[in-house]
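Pasted below: input03.txt, compact mmCIF, C-alpha atoms and all ligand atoms.
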# COMPACT_ATOMS: atom_id res chain seq x y z
CA MET A 1 -3.42 18.87 -3.33
CA LYS A 2 -1.75 15.53 -3.99
CA ALA A 3 -0.14 12.80 -1.90
CA LEU A 4 2.01 9.76 -2.60
CA LEU A 5 0.76 6.59 -0.91
CA ILE A 6 3.47 3.98 -0.41
CA ILE A 7 1.77 0.70 0.36
CA ASP A 8 3.44 -1.92 2.60
CA MET A 9 7.08 -1.60 1.47
CA GLN A 10 8.18 -3.82 4.37
CA ARG A 11 10.93 -6.41 4.77
CA ASP A 12 8.57 -9.39 4.93
CA PHE A 13 7.30 -8.54 1.43
CA MET A 14 10.82 -8.25 -0.04
CA PRO A 15 12.78 -11.23 -1.51
CA ASN A 16 13.62 -13.70 1.32
CA GLY A 17 10.88 -12.19 3.48
CA ALA A 18 8.10 -14.22 5.12
CA LEU A 19 5.62 -13.33 2.35
CA ALA A 20 7.93 -12.33 -0.49
CA VAL A 21 6.41 -10.47 -3.44
CA PRO A 22 8.49 -11.24 -6.57
CA LYS A 23 10.94 -8.42 -7.41
CA ALA A 24 9.46 -6.03 -4.85
CA ASP A 25 12.96 -4.77 -3.98
CA ARG A 26 13.27 -3.32 -7.50
CA LEU A 27 10.67 -0.74 -6.51
CA ILE A 28 12.89 0.90 -3.89
CA PRO A 29 14.94 3.18 -6.21
CA ILE A 30 11.83 4.10 -8.22
CA ILE A 31 9.86 5.03 -5.10
CA ASN A 32 12.79 7.01 -3.64
CA GLU A 33 12.96 9.04 -6.87
CA ILE A 34 9.23 9.72 -7.07
CA MET A 35 9.02 10.71 -3.42
CA ILE A 36 10.96 13.93 -3.88
CA GLN A 37 8.17 15.25 -6.12
CA PHE A 38 5.59 15.12 -3.31
CA ASP A 39 5.08 17.38 -0.30
CA CYS A 40 2.94 14.72 1.34
CA VAL A 41 4.23 11.14 1.46
CA ILE A 42 2.18 8.60 3.40
CA ALA A 43 3.50 5.09 4.01
CA THR A 44 1.39 2.18 5.22
CA GLN A 45 2.59 -0.77 7.27
CA ASP A 46 0.82 -4.09 7.48
CA TRP A 47 0.92 -4.36 11.29
CA HIS A 48 -0.39 -7.65 12.61
CA PRO A 49 -0.59 -9.04 16.14
CA LYS A 50 1.15 -12.45 16.30
CA ASN A 51 -2.19 -14.31 16.38
CA HIS A 52 -3.71 -12.57 13.34
CA ALA A 53 -6.63 -14.36 11.62
CA SER A 54 -4.95 -14.10 8.19
CA PHE A 55 -2.10 -16.42 9.26
CA ILE A 56 -2.17 -20.10 8.23
CA SER A 57 -1.65 -21.05 11.89
CA MET A 58 -4.94 -19.28 12.70
CA GLY A 59 -6.87 -20.75 9.76
CA GLY A 60 -6.06 -17.97 7.30
CA LYS A 61 -4.32 -18.03 3.90
CA TRP A 62 -0.94 -16.38 4.55
CA PRO A 63 2.27 -17.38 6.31
CA ALA A 64 2.83 -15.25 9.42
CA HIS A 65 4.11 -11.85 8.30
CA CYS A 66 4.54 -8.22 9.39
CA ILE A 67 4.17 -8.91 13.10
CA GLN A 68 4.12 -5.64 15.06
CA ASN A 69 7.56 -4.36 16.12
CA THR A 70 9.53 -7.18 14.45
CA GLU A 71 12.27 -6.84 11.80
CA GLY A 72 9.92 -8.21 9.17
CA ALA A 73 7.42 -5.42 9.74
CA ALA A 74 10.09 -2.71 9.39
CA PHE A 75 10.35 -0.71 6.18
CA ALA A 76 12.48 -2.21 3.39
CA LYS A 77 16.19 -1.43 3.59
CA GLY A 78 17.19 1.50 1.40
CA LEU A 79 13.79 3.18 1.40
CA LYS A 80 14.09 6.89 2.27
CA THR A 81 11.82 6.74 5.31
CA GLU A 82 13.06 10.12 6.58
CA LYS A 83 11.02 11.66 3.75
CA PHE A 84 7.74 10.19 5.03
CA THR A 85 5.15 12.69 6.28
CA CYS A 86 3.33 10.01 8.26
CA THR A 87 2.81 6.27 8.66
CA ILE A 88 -0.50 4.38 8.76
CA HIS A 89 -0.84 0.97 10.44
CA LYS A 90 -3.39 -1.58 9.24
CA GLY A 91 -4.39 -5.16 10.06
CA THR A 92 -4.04 -4.57 13.79
CA ASP A 93 -7.27 -6.31 14.86
CA PRO A 94 -6.42 -9.99 15.47
CA LYS A 95 -9.78 -11.19 14.14
CA VAL A 96 -10.18 -9.14 10.96
CA GLU A 97 -8.32 -9.13 7.61
CA SER A 98 -7.52 -5.67 6.38
CA TYR A 99 -5.95 -5.14 2.96
CA SER A 100 -7.07 -1.54 2.51
CA ALA A 101 -5.16 1.44 3.88
CA PHE A 102 -8.52 3.02 4.81
CA PHE A 103 -10.70 0.39 6.54
CA ASP A 104 -10.66 -3.22 7.66
CA GLU A 105 -12.59 -5.78 5.61
CA LYS A 106 -15.81 -5.27 7.59
CA LYS A 107 -15.47 -1.47 7.28
CA THR A 108 -16.01 -1.12 11.03
CA HIS A 109 -12.52 0.15 11.91
CA SER A 110 -10.93 3.06 10.09
CA THR A 111 -7.15 3.62 10.08
CA GLY A 112 -7.58 7.39 10.19
CA LEU A 113 -6.16 7.83 6.68
CA GLU A 114 -9.29 9.48 5.25
CA GLU A 115 -9.36 12.09 8.04
CA THR A 116 -5.62 12.77 7.65
CA LEU A 117 -6.04 13.37 3.90
CA LYS A 118 -9.13 15.56 4.29
CA LYS A 119 -7.40 17.69 6.93
CA LYS A 120 -4.55 18.30 4.48
CA LYS A 121 -7.05 19.05 1.67
CA ILE A 122 -5.63 16.23 -0.43
CA ASP A 123 -7.85 15.03 -3.27
CA GLU A 124 -5.33 13.33 -5.62
CA LEU A 125 -3.69 10.09 -4.53
CA TYR A 126 -0.74 8.42 -6.30
CA PHE A 127 -0.18 4.77 -5.39
CA VAL A 128 2.98 2.63 -5.35
CA GLY A 129 4.02 -0.50 -3.42
CA VAL A 130 2.83 -4.04 -2.79
CA ALA A 131 0.93 -6.12 -3.40
CA THR A 132 -0.83 -4.88 -6.55
CA ASP A 133 -3.47 -7.62 -6.28
CA TYR A 134 -4.17 -7.20 -2.53
CA CYS A 135 -3.32 -4.10 -0.50
CA VAL A 136 -2.79 -1.74 -3.44
CA LEU A 137 -5.99 -2.96 -5.12
CA TYR A 138 -8.20 -2.65 -2.03
CA SER A 139 -6.72 0.72 -1.08
CA VAL A 140 -7.32 2.11 -4.57
CA LEU A 141 -10.91 0.82 -4.67
CA ASP A 142 -11.69 2.38 -1.26
CA ALA A 143 -10.03 5.66 -2.33
CA LEU A 144 -12.25 5.82 -5.42
CA GLU A 145 -15.35 5.00 -3.40
CA LEU A 146 -14.45 7.81 -0.97
CA GLY A 147 -14.28 10.23 -3.90
CA PHE A 148 -10.51 10.65 -4.25
CA ASN A 149 -8.90 10.90 -7.66
CA ALA A 150 -6.63 7.82 -7.81
CA PHE A 151 -3.50 7.41 -9.96
CA VAL A 152 -1.68 4.07 -9.92
CA ILE A 153 2.00 4.13 -10.92
CA GLN A 154 2.13 0.73 -12.58
CA ASP A 155 5.90 0.19 -12.63
CA GLY A 156 5.93 1.27 -8.98
CA CYS A 157 3.82 -1.76 -7.96
CA ARG A 158 4.45 -5.54 -7.77
CA ALA A 159 1.86 -8.32 -7.42
CA ILE A 160 1.76 -11.66 -5.61
CA GLN A 161 -0.12 -13.33 -8.51
CA ASP A 162 -2.43 -11.35 -10.72
CA GLU A 163 -1.04 -7.98 -11.72
CA LYS A 164 -3.02 -7.62 -14.98
CA GLY A 165 -6.33 -8.51 -13.37
CA ALA A 166 -5.74 -6.10 -10.51
CA PHE A 167 -4.87 -3.16 -12.80
CA GLU A 168 -7.94 -3.90 -14.91
CA LYS A 169 -10.23 -3.90 -11.84
CA MET A 170 -8.84 -0.52 -10.73
CA ARG A 171 -9.11 0.96 -14.21
CA ARG A 172 -12.73 -0.16 -14.55
CA LYS A 173 -13.62 1.60 -11.29
CA GLY A 174 -12.03 4.85 -12.47
CA ALA A 175 -8.35 4.74 -11.47
CA HIS A 176 -5.81 6.32 -13.83
CA LEU A 177 -2.98 3.92 -14.73
CA ILE A 178 0.28 5.80 -15.27
CA LEU A 179 4.06 5.14 -15.42
CA SER A 180 6.84 6.52 -13.24
CA ARG A 181 8.61 8.13 -16.18
CA GLN A 182 6.00 10.89 -16.17
CA PHE A 183 7.72 12.10 -12.97
CA PHE A 184 11.22 12.05 -14.45
CA SER A 185 10.86 14.35 -17.47
C1 LIG A 201 -0.76 -8.05 1.87
C2 LIG A 201 -1.32 -10.27 1.95
C3 LIG A 201 -1.41 -10.22 3.31
C4 LIG A 201 -0.40 -6.86 1.04
C5 LIG A 201 -0.85 -7.98 3.24
O1 LIG A 201 0.30 -5.95 1.55
O2 LIG A 201 -0.79 -6.83 -0.15
N1 LIG A 201 -1.01 -9.19 1.23
N2 LIG A 201 -1.18 -9.07 3.96
ZN ZN A 202 -1.07 -8.96 6.04
Would you mind giving the structure from this file in structure tokens?
Amino acid sequence: MKALLIIDMQRDFMPNGALAVPKADRLIPIINEIMIQFDCVIATQDWHPKNHASFISMGGKWPAHCIQNTEGAAFAKGLKTEKFTCTIHKGTDPKVESYSAFFDEKKTHSTGLEETLKKKKIDELYFVGVATDYCVLYSVLDALELGFNAFVIQDGCRAIQDEKGAFEKMRRKGAHLILSRQFFS
């Protein structure tokens, strides 16, 4: 069984958002199209408390973003959220960075995603979303380590800085790099 994983398609990562990922809004129509090919669609939300350790104000590297229950943490406008099977929140512990959809950085807290997938007998994961070089990358690497077959839809992802490097890291660990047009034939 397969699932589509939509990583962090939230307003703060869109143009004019608090932590804008260049051209991330261009992914919306592509993701909406791909979604209809999947029975299971899982969306993640970066979901930080307002004093999260990753924020510059707390000594971290990012401007404040995706604060729980704010506009910025909501899904991007135009995304067909009514098609989502479920939503996974990550980055909720104020003290710990958490790029992966599966675990926080210390691997002490799990988001419940692995259990959800195993219950549904899902073994093939298709990834889209942002950012290629952070949350997509770490989620794909954890998925591979957990034994899932991982497919990354390259034109369905956008990076903050290093797209090529991120794709190469995933490929080297065993991810399959594919393009969205394979869903549109
Ligand atoms: C992300 C930086 C900080 C991401 C989340 O979704 O890739 N990047 N928080
Ligand atoms: Zn974050």
Please provide as an NGL selection string all residues within 10 Å of Gln161 in chain A, with the sequence filter that same-chain residues fewer than 6 positions apart are discarded (counting all atoms listed in the file). :A and (21-22 or 131-134)
Which residues are near ligand LIG 201 (chain A) - at most 10 Å, using all atoms listed in the file? Format: as a ChimeraX atom specification. /A:7-10,12-13,19-21,44-48,54-55,60-66,90-91,97-101,129-139,158-160
How many Å separate CA of His52 in chain A from CA of Ile67 in chain A? 8.7 Å
Between CA of Lys121 in chain A and CA of Gly156 in chain A, what is the distance, to one decimal in Å? 24.5 Å
Have a look at CA of Asp93 in chain A and CA of Leu27 in chain A and let me know their distance in Å, one decimal. 28.5 Å
Selected residue, from A:Glu105, A:Asp25, A:Glu33, A:Glu115, that lies nearest to ligand ZN 202 (chain A) when counting all atoms listed in the file: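 Using all atoms listed in the file, the shortest distance to ligand ZN 202 (chain A) belongs to A:Glu105.
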Here is a test: counting all atoms listed in the file, which residue of A:Val140, A:Ala18, A:Cys40, A:Met35 is nearest to ligand ZN 202 (chain A)? A:Ala18
